[in-house]
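For reference, my_file-v5.txt is printed below; it contains compact mmCIF, N, CA and C atoms.
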# COMPACT_ATOMS: atom_id res chain seq x y z
N ARG A 1396 -95.64 80.40 -0.35
CA ARG A 1396 -95.33 79.84 -1.65
C ARG A 1396 -94.10 80.51 -2.20
N GLY A 1397 -93.33 79.71 -2.91
CA GLY A 1397 -92.13 80.25 -3.52
C GLY A 1397 -90.99 79.25 -3.47
N THR A 1398 -89.81 79.71 -3.81
CA THR A 1398 -88.62 78.87 -3.81
C THR A 1398 -87.70 79.33 -2.69
N TYR A 1399 -87.31 78.37 -1.84
CA TYR A 1399 -86.52 78.68 -0.65
C TYR A 1399 -85.43 77.64 -0.46
N ASP A 1400 -84.39 78.04 0.28
CA ASP A 1400 -83.42 77.09 0.79
C ASP A 1400 -83.98 76.59 2.12
N VAL A 1401 -83.99 75.27 2.32
CA VAL A 1401 -84.53 74.68 3.54
C VAL A 1401 -83.38 74.01 4.29
N THR A 1402 -83.27 74.30 5.59
CA THR A 1402 -82.21 73.70 6.39
C THR A 1402 -82.80 72.90 7.55
N ALA A 1403 -81.99 71.96 8.03
CA ALA A 1403 -82.34 71.18 9.22
C ALA A 1403 -81.11 71.10 10.10
N LYS A 1404 -81.31 71.29 11.40
CA LYS A 1404 -80.22 71.16 12.37
C LYS A 1404 -80.84 70.71 13.68
N ALA A 1405 -80.26 69.68 14.26
CA ALA A 1405 -80.71 69.19 15.56
C ALA A 1405 -79.55 69.33 16.55
N SER A 1406 -79.87 69.20 17.82
CA SER A 1406 -78.86 69.29 18.86
C SER A 1406 -77.73 68.30 18.58
N HIS A 1407 -76.52 68.75 18.60
CA HIS A 1407 -75.25 68.05 18.35
C HIS A 1407 -75.12 67.45 16.95
N TRP A 1408 -75.89 67.96 16.02
CA TRP A 1408 -75.79 67.56 14.61
C TRP A 1408 -75.47 68.78 13.77
N LEU A 1409 -74.74 68.61 12.69
CA LEU A 1409 -74.41 69.71 11.78
C LEU A 1409 -75.61 70.06 10.91
N ARG A 1410 -75.71 71.33 10.54
CA ARG A 1410 -76.79 71.80 9.69
C ARG A 1410 -76.63 71.24 8.28
N SER A 1411 -77.77 70.88 7.69
CA SER A 1411 -77.80 70.41 6.31
C SER A 1411 -78.81 71.27 5.55
N LYS A 1412 -78.45 71.63 4.32
CA LYS A 1412 -79.31 72.50 3.53
C LYS A 1412 -79.67 71.84 2.20
N ILE A 1413 -80.91 72.00 1.82
CA ILE A 1413 -81.38 71.64 0.48
C ILE A 1413 -81.79 72.95 -0.17
N GLY A 1414 -81.13 73.29 -1.24
CA GLY A 1414 -81.37 74.57 -1.89
C GLY A 1414 -82.48 74.53 -2.92
N SER A 1415 -83.06 75.69 -3.14
CA SER A 1415 -84.06 75.92 -4.19
C SER A 1415 -85.22 74.94 -4.13
N VAL A 1416 -85.84 74.85 -2.97
CA VAL A 1416 -87.00 73.97 -2.79
C VAL A 1416 -88.25 74.77 -3.15
N ASN A 1417 -89.06 74.22 -4.03
CA ASN A 1417 -90.31 74.85 -4.43
C ASN A 1417 -91.38 74.49 -3.42
N ILE A 1418 -91.88 75.50 -2.71
CA ILE A 1418 -92.93 75.28 -1.72
C ILE A 1418 -94.24 75.78 -2.30
N THR A 1419 -95.18 74.89 -2.41
CA THR A 1419 -96.49 75.20 -3.00
C THR A 1419 -97.52 75.36 -1.88
N GLY A 1420 -98.77 75.51 -2.24
CA GLY A 1420 -99.85 75.58 -1.27
C GLY A 1420 -99.96 74.31 -0.44
N ASP A 1421 -99.48 73.20 -0.96
CA ASP A 1421 -99.48 71.93 -0.24
C ASP A 1421 -98.22 71.72 0.58
N GLY A 1422 -97.27 72.67 0.52
CA GLY A 1422 -96.00 72.54 1.25
C GLY A 1422 -94.93 71.97 0.35
N ALA A 1423 -93.97 71.32 0.96
CA ALA A 1423 -92.87 70.67 0.23
C ALA A 1423 -92.82 69.22 0.67
N MET A 1424 -92.57 68.33 -0.28
CA MET A 1424 -92.55 66.91 0.04
C MET A 1424 -91.24 66.29 -0.41
N ASN A 1425 -90.94 65.13 0.17
CA ASN A 1425 -89.78 64.33 -0.21
C ASN A 1425 -88.45 65.04 -0.01
N LEU A 1426 -88.33 65.77 1.09
CA LEU A 1426 -87.05 66.38 1.44
C LEU A 1426 -86.32 65.41 2.35
N ASN A 1427 -85.15 64.98 1.94
CA ASN A 1427 -84.36 64.02 2.71
C ASN A 1427 -83.05 64.67 3.12
N PHE A 1428 -82.87 64.82 4.42
CA PHE A 1428 -81.66 65.42 4.95
C PHE A 1428 -80.74 64.34 5.50
N SER A 1429 -79.46 64.56 5.35
CA SER A 1429 -78.45 63.69 5.95
C SER A 1429 -77.64 64.55 6.91
N LEU A 1430 -77.81 64.31 8.23
CA LEU A 1430 -77.15 65.11 9.24
C LEU A 1430 -75.93 64.38 9.77
N VAL A 1431 -74.88 65.14 10.10
CA VAL A 1431 -73.63 64.60 10.64
C VAL A 1431 -73.59 64.89 12.14
N ASN A 1432 -73.31 63.88 12.93
CA ASN A 1432 -73.29 63.97 14.39
C ASN A 1432 -71.92 64.43 14.89
N GLY A 1433 -71.90 65.11 16.07
CA GLY A 1433 -70.64 65.45 16.72
C GLY A 1433 -70.49 66.91 17.11
N ASP A 1434 -71.46 67.76 16.80
CA ASP A 1434 -71.37 69.20 17.09
C ASP A 1434 -71.88 69.46 18.51
N VAL A 1435 -71.07 69.15 19.50
CA VAL A 1435 -71.48 69.24 20.90
C VAL A 1435 -71.78 70.68 21.31
N ASP A 1436 -70.97 71.63 20.85
CA ASP A 1436 -71.14 73.02 21.30
C ASP A 1436 -72.06 73.85 20.41
N GLY A 1437 -72.64 73.27 19.38
CA GLY A 1437 -73.65 73.93 18.57
C GLY A 1437 -73.15 75.00 17.62
N ASP A 1438 -71.85 75.01 17.29
CA ASP A 1438 -71.31 76.04 16.39
C ASP A 1438 -71.26 75.60 14.93
N ASN A 1439 -71.87 74.47 14.62
CA ASN A 1439 -71.97 73.95 13.26
C ASN A 1439 -70.64 73.45 12.71
N GLU A 1440 -69.73 73.08 13.60
CA GLU A 1440 -68.44 72.49 13.23
C GLU A 1440 -68.10 71.42 14.27
N VAL A 1441 -67.39 70.39 13.86
CA VAL A 1441 -66.89 69.38 14.80
C VAL A 1441 -65.40 69.66 14.98
N THR A 1442 -65.06 70.26 16.14
CA THR A 1442 -63.70 70.75 16.36
C THR A 1442 -63.23 70.40 17.77
N VAL A 1443 -62.09 70.96 18.13
CA VAL A 1443 -61.50 70.73 19.44
C VAL A 1443 -62.41 71.23 20.56
N GLY A 1444 -63.23 72.23 20.31
CA GLY A 1444 -64.19 72.70 21.32
C GLY A 1444 -65.17 71.61 21.70
N ASP A 1445 -65.63 70.86 20.71
CA ASP A 1445 -66.54 69.74 20.97
C ASP A 1445 -65.82 68.65 21.76
N TYR A 1446 -64.58 68.39 21.40
CA TYR A 1446 -63.79 67.40 22.11
C TYR A 1446 -63.59 67.80 23.56
N GLY A 1447 -63.37 69.10 23.82
CA GLY A 1447 -63.18 69.58 25.18
C GLY A 1447 -64.40 69.32 26.05
N ILE A 1448 -65.59 69.56 25.52
CA ILE A 1448 -66.82 69.31 26.27
C ILE A 1448 -67.00 67.81 26.50
N LEU A 1449 -66.75 67.01 25.46
CA LEU A 1449 -66.85 65.56 25.61
C LEU A 1449 -65.88 65.06 26.67
N SER A 1450 -64.67 65.57 26.66
CA SER A 1450 -63.67 65.14 27.65
C SER A 1450 -64.11 65.50 29.06
N ALA A 1451 -64.68 66.70 29.24
CA ALA A 1451 -65.13 67.13 30.56
C ALA A 1451 -66.30 66.29 31.05
N GLN A 1452 -67.13 65.79 30.14
CA GLN A 1452 -68.30 65.01 30.52
C GLN A 1452 -68.08 63.50 30.44
N PHE A 1453 -66.88 63.08 30.05
CA PHE A 1453 -66.60 61.65 29.89
C PHE A 1453 -66.85 60.91 31.21
N GLY A 1454 -67.58 59.83 31.14
CA GLY A 1454 -67.90 59.03 32.32
C GLY A 1454 -69.12 59.51 33.08
N THR A 1455 -69.82 60.52 32.54
CA THR A 1455 -71.03 61.03 33.18
C THR A 1455 -72.22 60.78 32.26
N ALA A 1456 -73.38 61.27 32.67
CA ALA A 1456 -74.58 61.17 31.85
C ALA A 1456 -74.65 62.31 30.83
N GLY A 1457 -73.68 63.20 30.86
CA GLY A 1457 -73.66 64.30 29.89
C GLY A 1457 -74.46 65.49 30.38
N PRO A 1458 -75.46 65.94 29.72
CA PRO A 1458 -76.09 65.31 28.55
C PRO A 1458 -75.57 65.81 27.21
N GLU A 1459 -74.92 66.96 27.17
CA GLU A 1459 -74.54 67.55 25.88
C GLU A 1459 -73.70 66.63 25.02
N ALA A 1460 -72.77 65.90 25.61
CA ALA A 1460 -71.83 65.09 24.84
C ALA A 1460 -72.26 63.64 24.66
N ASP A 1461 -73.49 63.31 25.04
CA ASP A 1461 -74.01 61.95 24.82
C ASP A 1461 -74.52 61.86 23.38
N LEU A 1462 -73.59 61.69 22.45
CA LEU A 1462 -73.90 61.76 21.02
C LEU A 1462 -74.73 60.59 20.52
N ASN A 1463 -74.61 59.43 21.15
CA ASN A 1463 -75.37 58.26 20.68
C ASN A 1463 -76.64 58.01 21.48
N GLY A 1464 -76.92 58.87 22.46
CA GLY A 1464 -78.19 58.80 23.18
C GLY A 1464 -78.34 57.61 24.11
N ASP A 1465 -77.24 57.03 24.57
CA ASP A 1465 -77.36 55.85 25.44
C ASP A 1465 -77.33 56.19 26.93
N GLY A 1466 -77.35 57.49 27.27
CA GLY A 1466 -77.43 57.90 28.65
C GLY A 1466 -76.10 58.08 29.35
N GLU A 1467 -74.99 57.89 28.62
CA GLU A 1467 -73.68 58.11 29.21
C GLU A 1467 -72.69 58.57 28.15
N VAL A 1468 -71.73 59.37 28.57
CA VAL A 1468 -70.68 59.84 27.67
C VAL A 1468 -69.51 58.88 27.80
N ASP A 1469 -69.26 58.14 26.72
CA ASP A 1469 -68.25 57.09 26.78
C ASP A 1469 -67.53 56.96 25.44
N ILE A 1470 -66.86 55.86 25.25
CA ILE A 1470 -66.06 55.63 24.05
C ILE A 1470 -66.89 55.66 22.77
N GLY A 1471 -68.15 55.28 22.85
CA GLY A 1471 -69.03 55.34 21.68
C GLY A 1471 -69.21 56.77 21.19
N ASP A 1472 -69.37 57.69 22.13
CA ASP A 1472 -69.51 59.10 21.78
C ASP A 1472 -68.20 59.66 21.23
N TYR A 1473 -67.09 59.26 21.85
CA TYR A 1473 -65.78 59.67 21.37
C TYR A 1473 -65.57 59.18 19.93
N SER A 1474 -66.01 57.98 19.64
CA SER A 1474 -65.86 57.41 18.30
C SER A 1474 -66.64 58.23 17.27
N ILE A 1475 -67.85 58.62 17.63
CA ILE A 1475 -68.67 59.45 16.72
C ILE A 1475 -67.97 60.77 16.44
N LEU A 1476 -67.53 61.44 17.52
CA LEU A 1476 -66.86 62.72 17.35
C LEU A 1476 -65.60 62.56 16.53
N SER A 1477 -64.81 61.55 16.82
CA SER A 1477 -63.55 61.34 16.10
C SER A 1477 -63.78 61.09 14.62
N SER A 1478 -64.79 60.31 14.28
CA SER A 1478 -65.02 59.98 12.87
C SER A 1478 -65.52 61.18 12.07
N ASN A 1479 -66.08 62.18 12.76
CA ASN A 1479 -66.59 63.36 12.06
C ASN A 1479 -65.76 64.62 12.34
N PHE A 1480 -64.61 64.44 13.01
CA PHE A 1480 -63.77 65.58 13.37
C PHE A 1480 -63.36 66.36 12.13
N GLY A 1481 -63.52 67.67 12.19
CA GLY A 1481 -63.17 68.53 11.06
C GLY A 1481 -64.34 68.85 10.13
N ALA A 1482 -65.46 68.14 10.31
CA ALA A 1482 -66.62 68.38 9.46
C ALA A 1482 -67.27 69.73 9.78
N VAL A 1483 -67.81 70.36 8.76
CA VAL A 1483 -68.50 71.64 8.91
C VAL A 1483 -69.86 71.53 8.24
N GLY A 1484 -70.89 72.05 8.91
CA GLY A 1484 -72.24 71.99 8.35
C GLY A 1484 -72.47 73.06 7.29
N ASP A 1485 -73.57 72.95 6.62
CA ASP A 1485 -73.95 73.92 5.59
C ASP A 1485 -74.33 75.26 6.23
N ASP A 1486 -74.17 76.33 5.46
CA ASP A 1486 -74.56 77.67 5.95
C ASP A 1486 -76.05 77.84 5.89
Once you've parsed the file, please lay out its structure as structure tokens.
Amino acid sequence: RGTYDVTAKASHWLRSKIGSVNITGDGAMNLNFSLVNGDVDGDNEVTVGDYGILSAQFGTAGPEADLNGDGEVDIGDYSILSSNFGAVGDD
């Protein structure tokens, strides 16, 4: 019980934080996170390092750079990374 910052981060997604969440004996409810895709290397930023891994895996099954989950690293994954390039997740 108490007030905490709650974060969520999934593989190849940037971390998102909701601050000052009151957690009671029943837990916390109605927490809605919005995660940004493209963090291939897991450093919580979408940068040239992520692009390098995507480029190395382009035309394969990945799996690290398969951002859209379709089983192959292709232009769809490049599009996701490009649209979020420069984004940084929450601390």
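Rounded to one decimal, CA of Leu1476 (chain A) and atom C of Asn1463 (chain A) lie 11.6 Å from each other.
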**Asked** Using only C-alpha atoms, which of A:Asn1439, A:Phe1453, A:Asp1421, A:Ser1406 sits nearest Ile1470 (chain A)?
**Response** A:Phe1453
**Message:** I need the helix (DSSP H, G or I) residues of chain A per DSSP on the backbone, written as an MDAnalysis selection string.
**Reply:** chainID A and resid 1443:1452 1470:1478
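Going from CA of Ser1411 (chain A) to CA of Gly1457 (chain A) covers 24.7 Å.
Distance check against Asp1461 (chain A) using only N, CA and C atoms: of A:Leu1449, A:Leu1409, A:Asn1417, A:Gly1481, the minimum falls on A:Leu1449.
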**Asked** Counting only C-alpha atoms, which of A:Asp1400, A:Asp1472, A:Glu1459, A:Asp1486 gets nearest to Leu1426 (chain A)?
**Response** A:Asp1400
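Near Val1441 (chain A), within a cut-off of 7 Å and counting only N, CA and C atoms, sit the residues Gly1433, Asp1434, Val1435, Asp1438, Gly1444, Asp1445, Tyr1446, Asn1479, Phe1480, Gly1481, Ala1482, Val1483 and Gly1484 of chain A, with same-chain residues fewer than 3 positions away left out.
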**Item:** Interatomic distance, CA of Gly1464 (chain A) to atom C of Met1424 (chain A) (Å, one decimal)
**Value:** 28.0 Å
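The closest residue to Thr1398 (chain A), picked from A:Gly1471, A:Gly1422, A:Gly1447, A:Gly1466 and counting only C-alpha atoms, is A:Gly1422.
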**Request:** Extract the full set of strand (DSSP E) residues from chain A according to DSSP on the backbone, and format it as a VMD selection string.
**Result:** chain A and resid 1397 to 1403 1407 to 1408 1411 to 1418 1432 to 1434
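Among A:Arg1396, A:Ser1477, A:Val1468, A:Thr1455, the residue with the shortest atom-to-atom distance to Ile1418 (chain A), counting only C-alpha atoms, is A:Arg1396.
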